[in-house]
Amino acid sequence: MQTLAYGSWPSPIDATLAAAHDGHPEFVGFVGDEAWWTEPRPEEGGRRTLVRRRADGTEESLLPAPWNVRSRVIEYGGQPWAAVMRPEGPLTVFVNFADQRLYRHEPGGTPTPLTPLSPVGGGLRWVDPQLRPERGEVWCVLEEFTGEGPSDVRRVLAAVPLDGSAAEDRDAVRELSDGQHRFVTGARLSPDGRRAAWLAWDHPRMPWDGTEVVLADVAEDGTLHAARPVAGGPEESVVQADWAPDGTLLYASDRTGWWNLYRLDPDGDPVALCPREEEFGGPPWRVGHRWFAPLETGLIAVVHGRGATALGVLDPETGEVVDAAGPWTEFAPTLAVHGSRVMGIGASPRSAYEVVELDARTGRARVTGARHEDPVDPAYYPEPQIRSFTGPAGREIHAHIYPPHHPGHVAAGDELPPYVVWAHGGPTGRAPLVLDLEIAYFTSRGIGVAEVNYGGSTGHGREYRNRLREQWGVVDVEDCAAVALALAAEGTADRGRLAIRGGSAGGWTTAASLASTDVYACGTIIYPILDLAGWATGETHDFESRYLESLVGPIAEVPGRYAERSPTEHADRITAPFLLLQGLDDAICPPVQCERFLARLEEHGRRVPHAYIAFEGEGHGFRRAETMVRALESELSLYAQVFGLHPPGVPTLELAK
């Protein structure tokens with residue numbers, strides 16, 4: 001064992017390796033007996049492809065570059081594909097990211113468009129397709145821009161002909177719903193095909209605040225009639241609805257403060273299937289997420305947990321849940337079932353996300369796709385700790401602590417390690433405890449990481465989630481600081497070498513922390529929100545355009561609060577060096593936020609060492625390998641310069657002053 005200063009340990013986990021393993025499989029589905037899913041390709045411009053696993057176990061990518069299976073509905077997208085198996089092979093429909101058109105694809109052929117382009121605003125976008133070959137249609141959510149502004153948009157359920165007749169004719173698209181609600185999810189048909197159910201909500205609510213389950217009758221001609229709300233409400237969040245094989249409507253609601261499963265009885269009343277203080281749902285940031293899937297036997301496959309998620313099978317008659325045995329400690333919100341087979345995507349602190357199949361009859365689970373393979377000796381992986389800390393007013397704060405770890409190096413006994421606090425995005429979300437090579441990139445060099453699931457995070461019930469109501473920029477900042485200072489006070493971290501980093505809402509928390517506390521020596525701010533007033537008055541997309549009303553308060557009623565908390569308004573208070581990273585094609589947190597912040601910094605004559613790197617072709621969330629490499633190396637260089645570290649082989653980031 002060799003003794004070297006923290007931050008100087010040599011590591012085989014370089015930025016190129018971390019970038020190559022960024023992202024994970026998503027949106028699983030069964031096509032006949034075959035398992036399909038989407039998978040990232042960072043080295044191919046950051047596109048996502050559709051992967052098919054045949055019955056013999058061989059895998060193939062159905063679509064070559066540059067096809068990119070990804071939707072932009074509500075900018076975060078959602079379920080981008082659907083397929084059915086026929087004697088002649090699968091019929092697939094998918095959304096192509098570049099033009100957002102819906103395409104039809106058959107084996108051996110070239111994808112052909114099913115939907116037209118539109119010159120208006122963001123055009124026509126599609127998500128959550130459901131194939132109805134018996135009608136010659138695919139039912140989807142249509143997002144249609146009616147003007148040039150980000151909120152000039154309507155969303156409806158729509159039926160697209162499979163024969164391609166709508167490829168140049170918008171009028172050939174049959175609208176199924178009346179556009180009464182601002183947001184809708186894809187319709188789910190009852191087993192007899194006579195009823196359809198979907199979720200709907202309206203501004204200013206976000207879907208984790210309040211949604212409705214809408215039920216409609218399906219006529220012989222495929223039209224929907226008598227749409228009416230049957231569950232949910234302004235203060236009740238329903239995040240998924242689906243049908244049991246017996247025609248019973250099931251849904252996940254937080255009516256008791258936790259997302260639990262319910263059955264709608266014949267009188268329209270909810271019947272709890274497994275009342276527990278844990279979550280059987282989560283924040284629906286994308287359309288088509290699934291936390292439960294009914295099986296033919298009447299059992300229900302579920303993704304559930306408190307602070308983490310497991311894959312299990314629920315018996316709705318007894319309320320008993322039997323979880324899949326295996327190493328996975330976290331499952332993504334995507335499920336598919338076929339007979340007794342259940343498919344999900346699981347990960348653990350020692351393995352990245354992989355496609356997992358569970359046999360509901362035997363309880364046996366195995367990896368069937370995107371199998372995790374260690375790119376380096378797992379001795380270099382971090383060894384995380386699940387911890388709770390005490391914040392202001394005695395409130396509990398949940399966090400994952402990743403101490404520096406290296407199989408061949410330690411630091412001198414009297415040296416304390418530098419630590420970086422990671423603030424997750426959302427802010428309605430959480431940091432899962434899974435293997436992340438970006439974290440390992442730092443810990444294997446001798447820099448600790450603390451992921452803070454600050455008040456407002458999901459996984460701990462609605463009360464914990466609601467801590468952030470009108471307190472964004474306060475509770476998140478305080479909780480991150482409390483964890484950082486506690487680590488220093490107990491002798492885990494060096495008080496003089498603390499940093500903070502985050503992207504999107506985490507970028508906001510990072511910037512707000514640098515502007516309002518002296519806890520951190522530096523920070524990395526990634527595609528952030530920096531100016532609340534600008535973001536609330538037209539500088540973001542429609543989905544989150546009213547989000548700040550719950551996070552901060554209505555701007556018309558508390559305009560001073562928007563100025564008081566915005567880092568842009570207090571750029572003169574920032575004295576710690578920082579790195580600012582931004583995608584130039586970001587429609588959610590646009591570059592103007594960064595540009596205004598930097599201009600304000602210059603106006604005040606602040607001589608703060610900093611770097612601003614803007615990436616062409618990147619949106620909200622970096623996807624290209626070369627972008628991720630530069631971003632990660634720049635971040636490490638910032639910490640090296642501020643903390644006095646000497647990581648080998650890392651390009652020096654030039655800091656302006």
# chains A, B, ... in the order shown; residues from 1 in each chain; ligands from 1
$ residues_around --residues "A:Leu638" --least-positions-apart "2" --cutoff "12 Å" --atoms "only C-alpha atoms" --output "mmCIF file with all heavy atoms, in the first residue's frame"
data_model
loop_
_atom_site.group_PDB
_atom_site.id
_atom_site.type_symbol
_atom_site.label_atom_id
_atom_site.label_comp_id
_atom_site.auth_asym_id
_atom_site.auth_seq_id
_atom_site.Cartn_x
_atom_site.Cartn_y
_atom_site.Cartn_z
ATOM 1 N N GLY A 7 -6.299 13.023 -3.819
ATOM 2 C CA GLY A 7 -6.407 13.711 -5.099
ATOM 3 C C GLY A 7 -5.260 13.428 -6.034
ATOM 4 O O GLY A 7 -5.288 13.863 -7.191
ATOM 5 N N VAL A 420 -16.755 16.537 -2.361
ATOM 6 C CA VAL A 420 -17.655 17.279 -3.231
ATOM 7 C C VAL A 420 -19.080 16.856 -2.924
ATOM 8 O O VAL A 420 -19.407 15.656 -2.967
ATOM 9 C CB VAL A 420 -17.346 17.031 -4.720
ATOM 10 C CG1 VAL A 420 -18.250 17.889 -5.596
ATOM 11 C CG2 VAL A 420 -15.884 17.318 -5.026
ATOM 12 N N ARG A 497 -11.570 22.103 2.278
ATOM 13 C CA ARG A 497 -11.587 21.575 0.917
ATOM 14 C C ARG A 497 -12.925 20.903 0.621
ATOM 15 O O ARG A 497 -13.010 19.723 0.294
ATOM 16 C CB ARG A 497 -10.426 20.605 0.710
ATOM 17 C CG ARG A 497 -9.051 21.289 0.807
ATOM 18 C CD ARG A 497 -7.928 20.386 0.304
ATOM 19 N NE ARG A 497 -7.727 19.220 1.148
ATOM 20 C CZ ARG A 497 -6.813 18.269 0.886
ATOM 21 N NH1 ARG A 497 -6.037 18.366 -0.189
ATOM 22 N NH2 ARG A 497 -6.675 17.243 1.695
ATOM 23 N N ALA A 499 -16.403 21.197 -1.778
ATOM 24 C CA ALA A 499 -16.935 21.747 -3.029
ATOM 25 C C ALA A 499 -18.375 21.286 -3.184
ATOM 26 O O ALA A 499 -18.842 20.389 -2.467
ATOM 27 C CB ALA A 499 -16.093 21.296 -4.223
ATOM 28 N N ILE A 500 -19.080 21.881 -4.128
ATOM 29 C CA ILE A 500 -20.450 21.475 -4.428
ATOM 30 C C ILE A 500 -20.615 21.485 -5.934
ATOM 31 O O ILE A 500 -20.016 22.301 -6.630
ATOM 32 C CB ILE A 500 -21.480 22.391 -3.731
ATOM 33 C CG1 ILE A 500 -22.912 21.878 -3.977
ATOM 34 C CG2 ILE A 500 -21.321 23.852 -4.148
ATOM 35 C CD1 ILE A 500 -23.962 22.549 -3.102
ATOM 36 N N ARG A 501 -21.435 20.550 -6.441
ATOM 37 C CA ARG A 501 -21.696 20.483 -7.873
ATOM 38 C C ARG A 501 -23.099 19.948 -8.110
ATOM 39 O O ARG A 501 -23.675 19.240 -7.289
ATOM 40 C CB ARG A 501 -20.662 19.615 -8.578
ATOM 41 C CG ARG A 501 -20.762 18.128 -8.278
ATOM 42 C CD ARG A 501 -21.500 17.353 -9.346
ATOM 43 N NE ARG A 501 -20.647 17.027 -10.461
ATOM 44 C CZ ARG A 501 -20.962 16.157 -11.400
ATOM 45 N NH1 ARG A 501 -22.114 15.508 -11.342
ATOM 46 N NH2 ARG A 501 -20.134 15.904 -12.410
ATOM 47 N N ALA A 521 -15.321 25.823 -1.035
ATOM 48 C CA ALA A 521 -14.161 26.497 -1.612
ATOM 49 C C ALA A 521 -14.310 26.703 -3.109
ATOM 50 O O ALA A 521 -13.618 27.542 -3.690
ATOM 51 C CB ALA A 521 -12.897 25.691 -1.318
ATOM 52 N N CYS A 522 -15.207 25.936 -3.751
ATOM 53 C CA CYS A 522 -15.455 26.085 -5.187
ATOM 54 C C CYS A 522 -16.698 25.294 -5.550
ATOM 55 O O CYS A 522 -17.266 24.578 -4.711
ATOM 56 C CB CYS A 522 -14.251 25.622 -6.017
ATOM 57 S SG CYS A 522 -13.825 23.879 -5.799
ATOM 58 N N GLY A 523 -17.117 25.398 -6.819
ATOM 59 C CA GLY A 523 -18.309 24.677 -7.247
ATOM 60 C C GLY A 523 -18.339 24.470 -8.748
ATOM 61 O O GLY A 523 -17.745 25.235 -9.517
ATOM 62 N N THR A 524 -19.064 23.432 -9.177
ATOM 63 C CA THR A 524 -19.278 23.139 -10.592
ATOM 64 C C THR A 524 -20.764 23.242 -10.878
ATOM 65 O O THR A 524 -21.566 22.483 -10.321
ATOM 66 C CB THR A 524 -18.759 21.738 -10.955
ATOM 67 O OG1 THR A 524 -17.351 21.670 -10.664
ATOM 68 C CG2 THR A 524 -18.973 21.445 -12.431
ATOM 69 N N ILE A 525 -21.122 24.181 -11.745
ATOM 70 C CA ILE A 525 -22.512 24.523 -12.036
ATOM 71 C C ILE A 525 -22.816 24.040 -13.453
ATOM 72 O O ILE A 525 -22.216 24.518 -14.415
ATOM 73 C CB ILE A 525 -22.731 26.046 -11.927
ATOM 74 C CG1 ILE A 525 -22.225 26.574 -10.577
ATOM 75 C CG2 ILE A 525 -24.185 26.397 -12.133
ATOM 76 C CD1 ILE A 525 -22.112 28.099 -10.520
ATOM 77 N N ALA A 576 -16.032 32.281 -4.392
ATOM 78 C CA ALA A 576 -15.371 30.998 -4.620
ATOM 79 C C ALA A 576 -15.237 30.726 -6.117
ATOM 80 O O ALA A 576 -16.149 31.020 -6.897
ATOM 81 C CB ALA A 576 -16.175 29.878 -3.962
ATOM 82 N N PRO A 577 -14.137 30.174 -6.565
ATOM 83 C CA PRO A 577 -13.972 29.814 -7.975
ATOM 84 C C PRO A 577 -15.061 28.831 -8.418
ATOM 85 O O PRO A 577 -15.545 28.015 -7.618
ATOM 86 C CB PRO A 577 -12.592 29.169 -8.028
ATOM 87 C CG PRO A 577 -11.874 29.692 -6.825
ATOM 88 C CD PRO A 577 -12.920 29.872 -5.781
ATOM 89 N N PHE A 578 -15.435 28.907 -9.701
ATOM 90 C CA PHE A 578 -16.472 28.001 -10.190
ATOM 91 C C PHE A 578 -16.244 27.663 -11.653
ATOM 92 O O PHE A 578 -15.586 28.395 -12.400
ATOM 93 C CB PHE A 578 -17.867 28.601 -9.991
ATOM 94 C CG PHE A 578 -18.133 29.863 -10.772
ATOM 95 C CD1 PHE A 578 -18.607 29.818 -12.083
ATOM 96 C CD2 PHE A 578 -17.917 31.116 -10.199
ATOM 97 C CE1 PHE A 578 -18.856 30.976 -12.798
ATOM 98 C CE2 PHE A 578 -18.154 32.284 -10.905
ATOM 99 C CZ PHE A 578 -18.633 32.214 -12.213
ATOM 100 N N LEU A 579 -16.823 26.532 -12.043
ATOM 101 C CA LEU A 579 -16.853 26.077 -13.429
ATOM 102 C C LEU A 579 -18.306 26.047 -13.858
ATOM 103 O O LEU A 579 -19.156 25.491 -13.146
ATOM 104 C CB LEU A 579 -16.233 24.681 -13.543
ATOM 105 C CG LEU A 579 -16.415 23.935 -14.870
ATOM 106 C CD1 LEU A 579 -15.744 24.677 -16.017
ATOM 107 C CD2 LEU A 579 -15.876 22.501 -14.751
ATOM 108 N N LEU A 580 -18.604 26.629 -15.016
ATOM 109 C CA LEU A 580 -19.970 26.707 -15.541
ATOM 110 C C LEU A 580 -20.011 25.951 -16.862
ATOM 111 O O LEU A 580 -19.279 26.277 -17.799
ATOM 112 C CB LEU A 580 -20.347 28.179 -15.723
ATOM 113 C CG LEU A 580 -21.785 28.541 -16.102
ATOM 114 C CD1 LEU A 580 -22.787 27.964 -15.115
ATOM 115 C CD2 LEU A 580 -21.926 30.069 -16.165
ATOM 116 N N PRO A 609 -12.044 33.643 -9.990
ATOM 117 C CA PRO A 609 -11.545 32.667 -10.965
ATOM 118 C C PRO A 609 -12.686 31.748 -11.420
ATOM 119 O O PRO A 609 -13.393 31.168 -10.588
ATOM 120 C CB PRO A 609 -10.483 31.886 -10.182
ATOM 121 C CG PRO A 609 -10.087 32.801 -9.060
ATOM 122 C CD PRO A 609 -11.330 33.555 -8.703
ATOM 123 N N HIS A 610 -12.870 31.644 -12.719
ATOM 124 C CA HIS A 610 -13.960 30.821 -13.226
ATOM 125 C C HIS A 610 -13.700 30.428 -14.671
ATOM 126 O O HIS A 610 -12.836 31.005 -15.347
ATOM 127 C CB HIS A 610 -15.292 31.563 -13.126
ATOM 128 C CG HIS A 610 -15.414 32.712 -14.076
ATOM 129 N ND1 HIS A 610 -14.900 33.965 -13.805
ATOM 130 C CD2 HIS A 610 -15.972 32.801 -15.313
ATOM 131 C CE1 HIS A 610 -15.146 34.772 -14.817
ATOM 132 N NE2 HIS A 610 -15.789 34.090 -15.755
ATOM 133 N N ALA A 611 -14.458 29.460 -15.146
ATOM 134 C CA ALA A 611 -14.420 29.055 -16.551
ATOM 135 C C ALA A 611 -15.843 28.779 -17.004
ATOM 136 O O ALA A 611 -16.651 28.219 -16.243
ATOM 137 C CB ALA A 611 -13.548 27.819 -16.741
ATOM 138 N N TYR A 612 -16.140 29.182 -18.225
ATOM 139 C CA TYR A 612 -17.448 28.912 -18.834
ATOM 140 C C TYR A 612 -17.208 28.133 -20.117
ATOM 141 O O TYR A 612 -16.510 28.604 -21.018
ATOM 142 C CB TYR A 612 -18.181 30.219 -19.131
ATOM 143 C CG TYR A 612 -19.501 30.031 -19.868
ATOM 144 C CD1 TYR A 612 -20.424 29.075 -19.453
ATOM 145 C CD2 TYR A 612 -19.824 30.828 -20.971
ATOM 146 C CE1 TYR A 612 -21.632 28.914 -20.108
ATOM 147 C CE2 TYR A 612 -21.041 30.680 -21.635
ATOM 148 C CZ TYR A 612 -21.937 29.720 -21.202
ATOM 149 O OH TYR A 612 -23.134 29.561 -21.862
ATOM 150 N N ALA A 631 -15.976 17.816 -19.921
ATOM 151 C CA ALA A 631 -16.634 18.324 -18.715
ATOM 152 C C ALA A 631 -16.021 17.705 -17.459
ATOM 153 O O ALA A 631 -15.734 18.396 -16.473
ATOM 154 C CB ALA A 631 -18.128 18.041 -18.781
ATOM 155 N N LEU A 632 -15.802 16.400 -17.476
ATOM 156 C CA LEU A 632 -15.297 15.709 -16.294
ATOM 157 C C LEU A 632 -13.851 16.107 -16.003
ATOM 158 O O LEU A 632 -13.475 16.358 -14.845
ATOM 159 C CB LEU A 632 -15.411 14.199 -16.508
ATOM 160 C CG LEU A 632 -15.524 13.303 -15.282
ATOM 161 C CD1 LEU A 632 -16.639 13.756 -14.356
ATOM 162 C CD2 LEU A 632 -15.753 11.858 -15.713
ATOM 163 N N GLU A 633 -13.026 16.187 -17.032
ATOM 164 C CA GLU A 633 -11.633 16.582 -16.818
ATOM 165 C C GLU A 633 -11.529 18.029 -16.347
ATOM 166 O O GLU A 633 -10.677 18.359 -15.512
ATOM 167 C CB GLU A 633 -10.834 16.381 -18.104
ATOM 168 C CG GLU A 633 -10.625 14.912 -18.454
ATOM 169 C CD GLU A 633 -9.806 14.699 -19.714
ATOM 170 O OE1 GLU A 633 -9.714 15.655 -20.531
ATOM 171 O OE2 GLU A 633 -9.266 13.597 -19.896
ATOM 172 N N SER A 634 -12.407 18.887 -16.863
ATOM 173 C CA SER A 634 -12.398 20.287 -16.426
ATOM 174 C C SER A 634 -12.800 20.402 -14.965
ATOM 175 O O SER A 634 -12.228 21.194 -14.199
ATOM 176 C CB SER A 634 -13.341 21.111 -17.301
ATOM 177 O OG SER A 634 -12.907 21.121 -18.649
ATOM 178 N N GLU A 635 -13.766 19.607 -14.567
ATOM 179 C CA GLU A 635 -14.209 19.630 -13.173
ATOM 180 C C GLU A 635 -13.084 19.187 -12.240
ATOM 181 O O GLU A 635 -12.829 19.827 -11.213
ATOM 182 C CB GLU A 635 -15.432 18.733 -13.001
ATOM 183 C CG GLU A 635 -16.003 18.743 -11.602
ATOM 184 C CD GLU A 635 -17.266 17.915 -11.466
ATOM 185 O OE1 GLU A 635 -17.767 17.401 -12.485
ATOM 186 O OE2 GLU A 635 -17.749 17.775 -10.321
ATOM 187 N N LEU A 636 -12.414 18.118 -12.601
ATOM 188 C CA LEU A 636 -11.311 17.648 -11.766
ATOM 189 C C LEU A 636 -10.192 18.684 -11.701
ATOM 190 O O LEU A 636 -9.602 18.914 -10.636
ATOM 191 C CB LEU A 636 -10.768 16.322 -12.298
ATOM 192 C CG LEU A 636 -9.579 15.727 -11.538
ATOM 193 C CD1 LEU A 636 -9.891 15.543 -10.054
ATOM 194 C CD2 LEU A 636 -9.151 14.406 -12.167
ATOM 195 N N ALA A 640 -8.465 20.428 -8.462
ATOM 196 C CA ALA A 640 -7.018 20.321 -8.279
ATOM 197 C C ALA A 640 -6.400 21.684 -8.006
ATOM 198 O O ALA A 640 -5.553 21.835 -7.104
ATOM 199 C CB ALA A 640 -6.383 19.689 -9.513
ATOM 200 N N GLN A 641 -6.843 22.698 -8.775
ATOM 201 C CA GLN A 641 -6.265 24.030 -8.609
ATOM 202 C C GLN A 641 -6.670 24.667 -7.283
ATOM 203 O O GLN A 641 -5.863 25.309 -6.609
ATOM 204 C CB GLN A 641 -6.698 24.925 -9.772
ATOM 205 C CG GLN A 641 -6.125 24.497 -11.119
ATOM 206 C CD GLN A 641 -6.575 25.390 -12.252
ATOM 207 O OE1 GLN A 641 -6.369 26.608 -12.221
ATOM 208 N NE2 GLN A 641 -7.185 24.792 -13.265
ATOM 209 N N VAL A 642 -7.915 24.477 -6.895
ATOM 210 C CA VAL A 642 -8.407 25.113 -5.672
ATOM 211 C C VAL A 642 -7.916 24.381 -4.422
ATOM 212 O O VAL A 642 -7.555 25.005 -3.415
ATOM 213 C CB VAL A 642 -9.943 25.185 -5.695
ATOM 214 C CG1 VAL A 642 -10.482 25.710 -4.358
ATOM 215 C CG2 VAL A 642 -10.425 26.075 -6.845
ATOM 216 N N PHE A 643 -7.889 23.049 -4.484
ATOM 217 C CA PHE A 643 -7.537 22.256 -3.305
ATOM 218 C C PHE A 643 -6.049 21.945 -3.212
ATOM 219 O O PHE A 643 -5.603 21.344 -2.238
ATOM 220 C CB PHE A 643 -8.305 20.927 -3.309
ATOM 221 C CG PHE A 643 -9.798 21.066 -3.174
ATOM 222 C CD1 PHE A 643 -10.638 20.077 -3.659
ATOM 223 C CD2 PHE A 643 -10.363 22.162 -2.555
ATOM 224 C CE1 PHE A 643 -12.012 20.181 -3.532
ATOM 225 C CE2 PHE A 643 -11.738 22.289 -2.425
ATOM 226 C CZ PHE A 643 -12.568 21.293 -2.915
ATOM 227 N N GLY A 644 -5.283 22.301 -4.247
ATOM 228 C CA GLY A 644 -3.871 21.985 -4.230
ATOM 229 C C GLY A 644 -3.590 20.513 -4.458
ATOM 230 O O GLY A 644 -2.701 19.933 -3.820
ATOM 231 N N LEU A 645 -4.348 19.902 -5.376
ATOM 232 C CA LEU A 645 -4.178 18.482 -5.677
ATOM 233 C C LEU A 645 -3.291 18.313 -6.906
ATOM 234 O O LEU A 645 -3.083 19.249 -7.677
ATOM 235 C CB LEU A 645 -5.540 17.824 -5.938
ATOM 236 C CG LEU A 645 -6.654 18.117 -4.930
ATOM 237 C CD1 LEU A 645 -7.944 17.445 -5.356
ATOM 238 C CD2 LEU A 645 -6.243 17.668 -3.534
ATOM 239 N N HIS A 646 -2.828 17.093 -7.105
ATOM 240 C CA HIS A 646 -1.945 16.827 -8.242
ATOM 241 C C HIS A 646 -2.350 15.535 -8.946
ATOM 242 O O HIS A 646 -1.593 14.557 -8.971
ATOM 243 C CB HIS A 646 -0.494 16.751 -7.772
ATOM 244 C CG HIS A 646 -0.033 17.997 -7.072
ATOM 245 N ND1 HIS A 646 0.286 19.164 -7.736
ATOM 246 C CD2 HIS A 646 0.118 18.258 -5.741
ATOM 247 C CE1 HIS A 646 0.635 20.089 -6.862
ATOM 248 N NE2 HIS A 646 0.544 19.574 -5.644
ATOM 249 N N PRO A 647 -3.554 15.515 -9.557
ATOM 250 C CA PRO A 647 -3.966 14.304 -10.275
ATOM 251 C C PRO A 647 -3.145 14.134 -11.548
ATOM 252 O O PRO A 647 -2.991 15.077 -12.322
ATOM 253 C CB PRO A 647 -5.441 14.570 -10.602
ATOM 254 C CG PRO A 647 -5.547 16.061 -10.641
ATOM 255 C CD PRO A 647 -4.567 16.571 -9.625
ATOM 256 N N VAL A 650 -4.186 14.949 -16.157
ATOM 257 C CA VAL A 650 -5.433 15.707 -16.353
ATOM 258 C C VAL A 650 -5.096 17.076 -16.932
ATOM 259 O O VAL A 650 -4.306 17.827 -16.349
ATOM 260 C CB VAL A 650 -6.201 15.861 -15.021
ATOM 261 C CG1 VAL A 650 -7.448 16.718 -15.221
ATOM 262 C CG2 VAL A 650 -6.578 14.494 -14.477
ATOM 263 N N PRO A 651 -5.687 17.441 -18.095
ATOM 264 C CA PRO A 651 -5.420 18.754 -18.686
ATOM 265 C C PRO A 651 -5.803 19.880 -17.727
ATOM 266 O O PRO A 651 -6.793 19.780 -16.996
ATOM 267 C CB PRO A 651 -6.295 18.774 -19.943
ATOM 268 C CG PRO A 651 -6.591 17.345 -20.233
ATOM 269 C CD PRO A 651 -6.613 16.642 -18.919
ATOM 270 N N THR A 652 -5.030 20.932 -17.737
ATOM 271 C CA THR A 652 -5.294 22.059 -16.849
ATOM 272 C C THR A 652 -6.387 22.952 -17.422
ATOM 273 O O THR A 652 -6.333 23.369 -18.579
ATOM 274 C CB THR A 652 -4.026 22.894 -16.635
ATOM 275 O OG1 THR A 652 -3.022 22.062 -16.046
ATOM 276 C CG2 THR A 652 -4.291 24.087 -15.723
ATOM 277 N N LEU A 653 -7.389 23.215 -16.622
ATOM 278 C CA LEU A 653 -8.470 24.121 -17.000
ATOM 279 C C LEU A 653 -8.006 25.553 -16.784
ATOM 280 O O LEU A 653 -7.552 25.913 -15.699
ATOM 281 C CB LEU A 653 -9.709 23.836 -16.151
ATOM 282 C CG LEU A 653 -10.878 24.802 -16.281
ATOM 283 C CD1 LEU A 653 -11.554 24.661 -17.648
ATOM 284 C CD2 LEU A 653 -11.900 24.562 -15.156
ATOM 285 N N GLU A 654 -8.138 26.378 -17.810
ATOM 286 C CA GLU A 654 -7.749 27.778 -17.675
ATOM 287 C C GLU A 654 -8.885 28.553 -17.011
ATOM 288 O O GLU A 654 -10.013 28.571 -17.509
ATOM 289 C CB GLU A 654 -7.443 28.380 -19.051
ATOM 290 C CG GLU A 654 -6.939 29.815 -18.972
ATOM 291 C CD GLU A 654 -6.538 30.375 -20.319
ATOM 292 O OE1 GLU A 654 -6.362 29.567 -21.264
ATOM 293 O OE2 GLU A 654 -6.405 31.611 -20.433
ATOM 294 N N LEU A 655 -8.585 29.176 -15.914
ATOM 295 C CA LEU A 655 -9.570 29.950 -15.165
ATOM 296 C C LEU A 655 -9.376 31.437 -15.437
ATOM 297 O O LEU A 655 -8.277 31.971 -15.274
ATOM 298 C CB LEU A 655 -9.450 29.685 -13.671
ATOM 299 C CG LEU A 655 -9.726 28.246 -13.207
ATOM 300 C CD1 LEU A 655 -9.427 28.093 -11.724
ATOM 301 C CD2 LEU A 655 -11.165 27.847 -13.512
ATOM 302 N N ALA A 656 -10.450 32.085 -15.875
ATOM 303 C CA ALA A 656 -10.403 33.533 -16.076
ATOM 304 C C ALA A 656 -10.510 34.226 -14.734
ATOM 305 O O ALA A 656 -11.115 33.724 -13.793
ATOM 306 C CB ALA A 656 -11.547 33.964 -16.989
#
